[in-house]
Amino acid sequence: MDKVKPGGITHVGIAVLDLEKAIADYSAIFDFGSVETMEVAYEGVKIALLKTGVSEIELLSPTNQDSSIGKFIREKGEGMHHLAIRVPDVSEAIESAKAIGMHVLDEKPRPGAKGAEAAFVHPKSFHGVLLEFYSR
Ligand code: ZN
């Protein structure tokens with residue numbers, strides 16, 4: 001199985017308690033232009049995308065304390081949640097990761113923001129960082 005060609009960091013996900021406050025605090029130093037926000041109800045999370053040139057900061061705030069972001073903040077506090085790397089094909093990246101014994105959290109691509117496909121790899125398989133394969 002071939003190795004996956006990384007196409008850059010698409011975004012870094014950061015878990016925050018209060019989305020509006022985090023947007024305001026981040027915007028105090030950087031001029032992000034327009035900030036896109038969206039709610040992903042089935043994941044219990046609100047998202048803001050802050051453009052930083054070629055990649056984005058993805059602020060993630062729980063709307064439900066039992067969501068994965070809610071649990072993350074309860075256990076670890078606010079901070080970096082995941083690193084998203086653009087890949088040519090998310091399904092192939094999943095297969096490549098499984099083939100070398102990585103602990104893949106998604107057997108199939110899941111829907112990401114704006115029609116993207118995504119899949120996560122457990123932090124134990126990536127030196128403590130939750131890795132996201134991302135199609136966009
Ligand atoms: Zn992400």
# chains A, B, ... in the order shown; residues from 1 in each chain; ligands from 1
$ residues_around --residues "Ser61 of chain A" --least-positions-apart "3" --cutoff "10 Å" --atoms "only C-alpha atoms" --output "PyMOL selection string"
chain A and resi 14-20+22+39+44-48+58+64-65+67+69-70+73+78
$ write_last_selection --atoms "all heavy atoms" --output "compact mmCIF listing (two decimals), in the first residue's frame"
# COMPACT_ATOMS: atom_id res chain seq x y z
N ILE A 14 -9.35 23.77 17.37
CA ILE A 14 -9.09 24.22 18.74
C ILE A 14 -10.41 24.20 19.51
O ILE A 14 -11.40 24.80 19.06
CB ILE A 14 -8.45 25.62 18.73
CG1 ILE A 14 -7.10 25.54 18.01
CG2 ILE A 14 -8.29 26.15 20.15
CD1 ILE A 14 -6.40 26.85 17.83
N ALA A 15 -10.42 23.50 20.62
CA ALA A 15 -11.62 23.40 21.45
C ALA A 15 -11.71 24.62 22.35
O ALA A 15 -10.75 24.95 23.05
CB ALA A 15 -11.57 22.12 22.30
N VAL A 16 -12.86 25.30 22.30
CA VAL A 16 -13.07 26.50 23.11
C VAL A 16 -14.42 26.41 23.82
O VAL A 16 -15.35 25.78 23.33
CB VAL A 16 -13.01 27.80 22.26
CG1 VAL A 16 -11.66 27.91 21.55
CG2 VAL A 16 -14.14 27.88 21.25
N LEU A 17 -14.52 27.06 24.95
CA LEU A 17 -15.77 27.04 25.73
C LEU A 17 -16.83 27.95 25.10
O LEU A 17 -17.97 27.58 24.96
CB LEU A 17 -15.50 27.51 27.16
CG LEU A 17 -15.10 26.43 28.15
CD1 LEU A 17 -14.73 27.08 29.47
CD2 LEU A 17 -16.23 25.43 28.33
N ASP A 18 -16.41 29.16 24.76
CA ASP A 18 -17.34 30.19 24.31
C ASP A 18 -16.90 30.66 22.92
O ASP A 18 -15.89 31.34 22.78
CB ASP A 18 -17.31 31.35 25.32
CG ASP A 18 -18.27 32.47 24.96
OD1 ASP A 18 -18.57 32.66 23.77
OD2 ASP A 18 -18.72 33.17 25.88
N LEU A 19 -17.66 30.27 21.91
CA LEU A 19 -17.24 30.53 20.52
C LEU A 19 -17.12 32.03 20.24
O LEU A 19 -16.12 32.47 19.67
CB LEU A 19 -18.24 29.88 19.55
CG LEU A 19 -17.78 29.79 18.10
CD1 LEU A 19 -16.59 28.85 17.97
CD2 LEU A 19 -18.91 29.35 17.18
N GLU A 20 -18.13 32.81 20.65
CA GLU A 20 -18.10 34.24 20.36
C GLU A 20 -16.91 34.93 21.03
O GLU A 20 -16.25 35.78 20.45
CB GLU A 20 -19.41 34.92 20.79
CG GLU A 20 -20.64 34.44 20.01
CD GLU A 20 -20.46 34.56 18.50
OE1 GLU A 20 -19.90 35.57 18.03
OE2 GLU A 20 -20.86 33.62 17.79
N ALA A 22 -14.07 33.47 21.90
CA ALA A 22 -12.83 33.03 21.25
C ALA A 22 -12.63 33.76 19.93
O ALA A 22 -11.52 34.19 19.62
CB ALA A 22 -12.88 31.51 21.02
N GLU A 39 -23.29 25.41 12.74
CA GLU A 39 -23.57 24.47 13.80
C GLU A 39 -23.71 23.09 13.18
O GLU A 39 -24.37 22.92 12.16
CB GLU A 39 -24.87 24.85 14.53
CG GLU A 39 -25.17 23.92 15.68
CD GLU A 39 -26.18 24.50 16.67
OE1 GLU A 39 -26.54 25.69 16.55
OE2 GLU A 39 -26.59 23.74 17.56
N GLY A 44 -23.04 17.99 18.11
CA GLY A 44 -23.15 18.82 19.31
C GLY A 44 -22.08 19.90 19.38
O GLY A 44 -21.51 20.17 20.42
N VAL A 45 -21.83 20.54 18.23
CA VAL A 45 -20.73 21.50 18.17
C VAL A 45 -21.07 22.69 17.27
O VAL A 45 -21.82 22.55 16.31
CB VAL A 45 -19.45 20.76 17.69
CG1 VAL A 45 -19.53 20.41 16.23
CG2 VAL A 45 -18.20 21.55 17.98
N LYS A 46 -20.57 23.86 17.67
CA LYS A 46 -20.59 25.04 16.80
C LYS A 46 -19.16 25.29 16.35
O LYS A 46 -18.22 25.13 17.12
CB LYS A 46 -21.09 26.27 17.58
CG LYS A 46 -22.58 26.39 17.62
CD LYS A 46 -23.02 27.75 18.18
CE LYS A 46 -22.47 27.97 19.58
NZ LYS A 46 -23.01 29.19 20.22
N ILE A 47 -19.03 25.71 15.09
CA ILE A 47 -17.71 25.85 14.49
C ILE A 47 -17.55 27.26 13.94
O ILE A 47 -18.49 27.83 13.40
CB ILE A 47 -17.56 24.83 13.33
CG1 ILE A 47 -17.58 23.39 13.86
CG2 ILE A 47 -16.29 25.09 12.53
CD1 ILE A 47 -17.62 22.35 12.76
N ALA A 48 -16.36 27.81 14.06
CA ALA A 48 -16.01 29.04 13.36
C ALA A 48 -14.72 28.77 12.58
O ALA A 48 -13.79 28.16 13.11
CB ALA A 48 -15.79 30.20 14.33
N GLU A 58 -9.91 26.24 13.06
CA GLU A 58 -11.29 25.79 13.24
C GLU A 58 -11.59 25.81 14.74
O GLU A 58 -11.12 24.94 15.48
CB GLU A 58 -11.43 24.37 12.67
CG GLU A 58 -12.83 23.79 12.78
CD GLU A 58 -12.89 22.35 12.25
OE1 GLU A 58 -12.39 21.44 12.92
OE2 GLU A 58 -13.42 22.16 11.15
N ASN A 64 -23.45 20.84 23.43
CA ASN A 64 -23.96 19.75 24.25
C ASN A 64 -22.76 19.21 25.03
O ASN A 64 -21.73 18.88 24.45
CB ASN A 64 -24.56 18.73 23.27
CG ASN A 64 -24.77 17.36 23.86
OD1 ASN A 64 -24.40 17.07 25.01
ND2 ASN A 64 -25.37 16.50 23.07
N GLN A 65 -22.89 19.16 26.35
CA GLN A 65 -21.74 18.81 27.19
C GLN A 65 -21.30 17.35 27.02
O GLN A 65 -20.19 16.98 27.38
CB GLN A 65 -22.02 19.12 28.67
CG GLN A 65 -22.18 20.61 28.97
CD GLN A 65 -21.14 21.49 28.29
OE1 GLN A 65 -19.94 21.25 28.40
NE2 GLN A 65 -21.57 22.50 27.54
N SER A 67 -21.09 15.93 24.06
CA SER A 67 -20.44 15.79 22.75
C SER A 67 -18.95 15.52 22.96
O SER A 67 -18.42 15.69 24.06
CB SER A 67 -20.62 17.08 21.95
OG SER A 67 -19.96 18.14 22.62
N ILE A 69 -16.45 17.21 21.91
CA ILE A 69 -15.74 18.44 22.28
C ILE A 69 -16.04 18.83 23.73
O ILE A 69 -15.16 19.28 24.47
CB ILE A 69 -16.12 19.60 21.32
CG1 ILE A 69 -15.65 19.28 19.89
CG2 ILE A 69 -15.53 20.93 21.78
CD1 ILE A 69 -14.16 19.17 19.71
N GLY A 70 -17.29 18.61 24.15
CA GLY A 70 -17.64 18.87 25.55
C GLY A 70 -16.81 18.02 26.49
O GLY A 70 -16.28 18.51 27.50
N ILE A 73 -13.06 19.19 26.57
CA ILE A 73 -12.80 20.37 27.40
C ILE A 73 -12.91 20.02 28.89
O ILE A 73 -12.12 20.49 29.70
CB ILE A 73 -13.76 21.51 27.02
CG1 ILE A 73 -13.41 22.03 25.62
CG2 ILE A 73 -13.71 22.65 28.05
CD1 ILE A 73 -14.31 23.12 25.09
N GLU A 78 -9.53 23.89 27.51
CA GLU A 78 -9.47 24.41 26.15
C GLU A 78 -8.09 24.12 25.56
O GLU A 78 -7.11 24.01 26.28
CB GLU A 78 -9.68 25.92 26.16
CG GLU A 78 -11.07 26.37 26.57
CD GLU A 78 -11.22 27.88 26.39
OE1 GLU A 78 -10.43 28.62 26.99
OE2 GLU A 78 -12.11 28.31 25.66
$ residues_near_ligand --ligand "ligand 1" --cutoff "8 Å" --atoms "only C-alpha atoms and all ligand atoms" --output "NGL selection string"
:A and (11-13 or 58 or 82-84 or 112 or 118 or 132 or 134)
$ select_by_dssp --residues "chain A" --states "alpha helix (DSSP H)" --output "list in words"
Leu19, Glu20, Lys21, Ala22, Ile23, Ala24, Asp25, Tyr26, Ser27, Ser68, Ile69, Gly70, Lys71, Phe72, Ile73, Arg74, Glu75, Lys76, Val90, Ser91, Glu92, Ala93, Ile94, Glu95, Ser96, Ala97, Lys98 and Ala99 of chain A
$ select_by_dssp --residues "chain A" --states "strand (DSSP E or B)" --output "ChimeraX atom specification"
/A:9-15,36-40,45-51,56-62,79-86,104,110-111,117-121,130-134
$ atom_distance --atom1 "atom CA of Glu36 of chain A" --atom2 "atom CA of Val54 of chain A"
15.5 Å
$ closest_residue --among "A:Leu105, A:Thr10, A:Thr63, A:Ser68" --to "Lys51 of chain A" --atoms "only C-alpha atoms"
A:Thr10
$ atom_distance --atom1 "atom CA of Ser96 of chain A" --atom2 "atom CA of Met1 of chain A"
6.2 Å
$ atom_distance --atom1 "atom CA of Tyr26 of chain A" --atom2 "atom CA of His81 of chain A"
16.4 Å
$ closest_residue --among "A:Lys108, A:His127, A:Lys21, A:Arg136" --to "Pro88 of chain A" --atoms "only C-alpha atoms"
A:Arg136
$ closest_residue --among "A:Ser135, A:Arg74, A:Leu50, A:Ile29" --to "Glu92 of chain A" --atoms "only C-alpha atoms"
A:Ser135
$ closest_residue --among "A:Ala24, A:Ile94, A:Val87, A:Ile9" --to "Leu59 of chain A" --atoms "only C-alpha atoms"
A:Ala24
$ decode --residues "segment 8-23 of chain A" --atoms "all heavy atoms" --output "PDB file, in the first residue's frame"
ATOM      1  N   GLY A   8      -0.779  19.540   2.579  1.00  0.00           N
ATOM      2  CA  GLY A   8      -0.780  20.729   3.440  1.00  0.00           C
ATOM      3  C   GLY A   8      -1.692  20.570   4.633  1.00  0.00           C
ATOM      4  O   GLY A   8      -2.513  19.660   4.693  1.00  0.00           O
ATOM      5  N   ILE A   9      -1.507  21.450   5.589  1.00  0.00           N
ATOM      6  CA  ILE A   9      -2.398  21.484   6.754  1.00  0.00           C
ATOM      7  C   ILE A   9      -3.622  22.295   6.346  1.00  0.00           C
ATOM      8  O   ILE A   9      -3.493  23.471   5.991  1.00  0.00           O
ATOM      9  CB  ILE A   9      -1.687  22.125   7.966  1.00  0.00           C
ATOM     10  CG1 ILE A   9      -0.551  21.213   8.439  1.00  0.00           C
ATOM     11  CG2 ILE A   9      -2.681  22.398   9.110  1.00  0.00           C
ATOM     12  CD1 ILE A   9       0.339  21.825   9.500  1.00  0.00           C
ATOM     13  N   THR A  10      -4.796  21.667   6.321  1.00  0.00           N
ATOM     14  CA  THR A  10      -6.002  22.432   5.943  1.00  0.00           C
ATOM     15  C   THR A  10      -6.470  23.268   7.120  1.00  0.00           C
ATOM     16  O   THR A  10      -6.882  24.402   6.943  1.00  0.00           O
ATOM     17  CB  THR A  10      -7.163  21.540   5.483  1.00  0.00           C
ATOM     18  OG1 THR A  10      -7.746  20.892   6.599  1.00  0.00           O
ATOM     19  CG2 THR A  10      -6.694  20.509   4.497  1.00  0.00           C
ATOM     20  N   HIS A  11      -6.450  22.682   8.309  1.00  0.00           N
ATOM     21  CA  HIS A  11      -6.836  23.445   9.489  1.00  0.00           C
ATOM     22  C   HIS A  11      -6.312  22.787  10.753  1.00  0.00           C
ATOM     23  O   HIS A  11      -5.926  21.618  10.753  1.00  0.00           O
ATOM     24  CB  HIS A  11      -8.356  23.632   9.568  1.00  0.00           C
ATOM     25  CG  HIS A  11      -9.151  22.372   9.694  1.00  0.00           C
ATOM     26  ND1 HIS A  11      -9.625  21.674   8.609  1.00  0.00           N
ATOM     27  CD2 HIS A  11      -9.542  21.662  10.776  1.00  0.00           C
ATOM     28  CE1 HIS A  11     -10.291  20.607   9.015  1.00  0.00           C
ATOM     29  NE2 HIS A  11     -10.248  20.561  10.335  1.00  0.00           N
ATOM     30  N   VAL A  12      -6.306  23.597  11.800  1.00  0.00           N
ATOM     31  CA  VAL A  12      -6.030  23.101  13.141  1.00  0.00           C
ATOM     32  C   VAL A  12      -7.304  23.347  13.942  1.00  0.00           C
ATOM     33  O   VAL A  12      -7.854  24.449  13.927  1.00  0.00           O
ATOM     34  CB  VAL A  12      -4.839  23.869  13.768  1.00  0.00           C
ATOM     35  CG1 VAL A  12      -4.658  23.492  15.224  1.00  0.00           C
ATOM     36  CG2 VAL A  12      -3.564  23.587  12.980  1.00  0.00           C
ATOM     37  N   GLY A  13      -7.795  22.295  14.585  1.00  0.00           N
ATOM     38  CA  GLY A  13      -9.010  22.416  15.390  1.00  0.00           C
ATOM     39  C   GLY A  13      -8.661  22.772  16.828  1.00  0.00           C
ATOM     40  O   GLY A  13      -7.765  22.166  17.417  1.00  0.00           O
ATOM     41  N   ILE A  14      -9.349  23.766  17.367  1.00  0.00           N
ATOM     42  CA  ILE A  14      -9.092  24.215  18.737  1.00  0.00           C
ATOM     43  C   ILE A  14     -10.408  24.205  19.509  1.00  0.00           C
ATOM     44  O   ILE A  14     -11.397  24.802  19.059  1.00  0.00           O
ATOM     45  CB  ILE A  14      -8.449  25.619  18.731  1.00  0.00           C
ATOM     46  CG1 ILE A  14      -7.099  25.540  18.009  1.00  0.00           C
ATOM     47  CG2 ILE A  14      -8.289  26.148  20.155  1.00  0.00           C
ATOM     48  CD1 ILE A  14      -6.396  26.847  17.833  1.00  0.00           C
ATOM     49  N   ALA A  15     -10.422  23.496  20.618  1.00  0.00           N
ATOM     50  CA  ALA A  15     -11.623  23.397  21.452  1.00  0.00           C
ATOM     51  C   ALA A  15     -11.715  24.618  22.349  1.00  0.00           C
ATOM     52  O   ALA A  15     -10.749  24.955  23.046  1.00  0.00           O
ATOM     53  CB  ALA A  15     -11.567  22.123  22.295  1.00  0.00           C
ATOM     54  N   VAL A  16     -12.861  25.304  22.296  1.00  0.00           N
ATOM     55  CA  VAL A  16     -13.070  26.503  23.114  1.00  0.00           C
ATOM     56  C   VAL A  16     -14.419  26.410  23.816  1.00  0.00           C
ATOM     57  O   VAL A  16     -15.351  25.775  23.327  1.00  0.00           O
ATOM     58  CB  VAL A  16     -13.006  27.800  22.260  1.00  0.00           C
ATOM     59  CG1 VAL A  16     -11.663  27.915  21.554  1.00  0.00           C
ATOM     60  CG2 VAL A  16     -14.140  27.876  21.248  1.00  0.00           C
ATOM     61  N   LEU A  17     -14.523  27.062  24.953  1.00  0.00           N
ATOM     62  CA  LEU A  17     -15.770  27.038  25.726  1.00  0.00           C
ATOM     63  C   LEU A  17     -16.826  27.949  25.104  1.00  0.00           C
ATOM     64  O   LEU A  17     -17.971  27.576  24.958  1.00  0.00           O
ATOM     65  CB  LEU A  17     -15.496  27.509  27.158  1.00  0.00           C
ATOM     66  CG  LEU A  17     -15.096  26.435  28.150  1.00  0.00           C
ATOM     67  CD1 LEU A  17     -14.726  27.084  29.473  1.00  0.00           C
ATOM     68  CD2 LEU A  17     -16.231  25.427  28.333  1.00  0.00           C
ATOM     69  N   ASP A  18     -16.412  29.163  24.763  1.00  0.00           N
ATOM     70  CA  ASP A  18     -17.345  30.191  24.310  1.00  0.00           C
ATOM     71  C   ASP A  18     -16.904  30.658  22.922  1.00  0.00           C
ATOM     72  O   ASP A  18     -15.886  31.342  22.781  1.00  0.00           O
ATOM     73  CB  ASP A  18     -17.309  31.354  25.323  1.00  0.00           C
ATOM     74  CG  ASP A  18     -18.275  32.468  24.961  1.00  0.00           C
ATOM     75  OD1 ASP A  18     -18.570  32.663  23.766  1.00  0.00           O
ATOM     76  OD2 ASP A  18     -18.716  33.171  25.885  1.00  0.00           O
ATOM     77  N   LEU A  19     -17.663  30.265  21.909  1.00  0.00           N
ATOM     78  CA  LEU A  19     -17.244  30.529  20.523  1.00  0.00           C
ATOM     79  C   LEU A  19     -17.124  32.029  20.242  1.00  0.00           C
ATOM     80  O   LEU A  19     -16.125  32.473  19.665  1.00  0.00           O
ATOM     81  CB  LEU A  19     -18.241  29.884  19.551  1.00  0.00           C
ATOM     82  CG  LEU A  19     -17.778  29.787  18.103  1.00  0.00           C
ATOM     83  CD1 LEU A  19     -16.587  28.849  17.965  1.00  0.00           C
ATOM     84  CD2 LEU A  19     -18.912  29.348  17.183  1.00  0.00           C
ATOM     85  N   GLU A  20     -18.128  32.809  20.650  1.00  0.00           N
ATOM     86  CA  GLU A  20     -18.101  34.244  20.356  1.00  0.00           C
ATOM     87  C   GLU A  20     -16.915  34.926  21.032  1.00  0.00           C
ATOM     88  O   GLU A  20     -16.246  35.781  20.447  1.00  0.00           O
ATOM     89  CB  GLU A  20     -19.413  34.915  20.795  1.00  0.00           C
ATOM     90  CG  GLU A  20     -20.636  34.445  20.015  1.00  0.00           C
ATOM     91  CD  GLU A  20     -20.459  34.558  18.497  1.00  0.00           C
ATOM     92  OE1 GLU A  20     -19.899  35.570  18.033  1.00  0.00           O
ATOM     93  OE2 GLU A  20     -20.858  33.618  17.785  1.00  0.00           O
ATOM     94  N   LYS A  21     -16.617  34.525  22.275  1.00  0.00           N
ATOM     95  CA  LYS A  21     -15.494  35.123  22.988  1.00  0.00           C
ATOM     96  C   LYS A  21     -14.172  34.730  22.328  1.00  0.00           C
ATOM     97  O   LYS A  21     -13.265  35.548  22.183  1.00  0.00           O
ATOM     98  CB  LYS A  21     -15.504  34.702  24.456  1.00  0.00           C
ATOM     99  CG  LYS A  21     -14.323  35.274  25.230  1.00  0.00           C
ATOM    100  CD  LYS A  21     -14.561  35.263  26.717  1.00  0.00           C
ATOM    101  CE  LYS A  21     -13.464  35.947  27.528  1.00  0.00           C
ATOM    102  NZ  LYS A  21     -12.271  36.392  26.849  1.00  0.00           N
ATOM    103  N   ALA A  22     -14.074  33.474  21.902  1.00  0.00           N
ATOM    104  CA  ALA A  22     -12.834  33.026  21.249  1.00  0.00           C
ATOM    105  C   ALA A  22     -12.627  33.762  19.933  1.00  0.00           C
ATOM    106  O   ALA A  22     -11.517  34.194  19.620  1.00  0.00           O
ATOM    107  CB  ALA A  22     -12.878  31.514  21.024  1.00  0.00           C
ATOM    108  N   ILE A  23     -13.709  33.941  19.148  1.00  0.00           N
ATOM    109  CA  ILE A  23     -13.584  34.687  17.889  1.00  0.00           C
ATOM    110  C   ILE A  23     -13.105  36.108  18.183  1.00  0.00           C
ATOM    111  O   ILE A  23     -12.185  36.617  17.524  1.00  0.00           O
ATOM    112  CB  ILE A  23     -14.939  34.730  17.134  1.00  0.00           C
ATOM    113  CG1 ILE A  23     -15.337  33.338  16.644  1.00  0.00           C
ATOM    114  CG2 ILE A  23     -14.861  35.708  15.953  1.00  0.00           C
ATOM    115  CD1 ILE A  23     -16.779  33.249  16.141  1.00  0.00           C
TER     116      ILE A  23
END
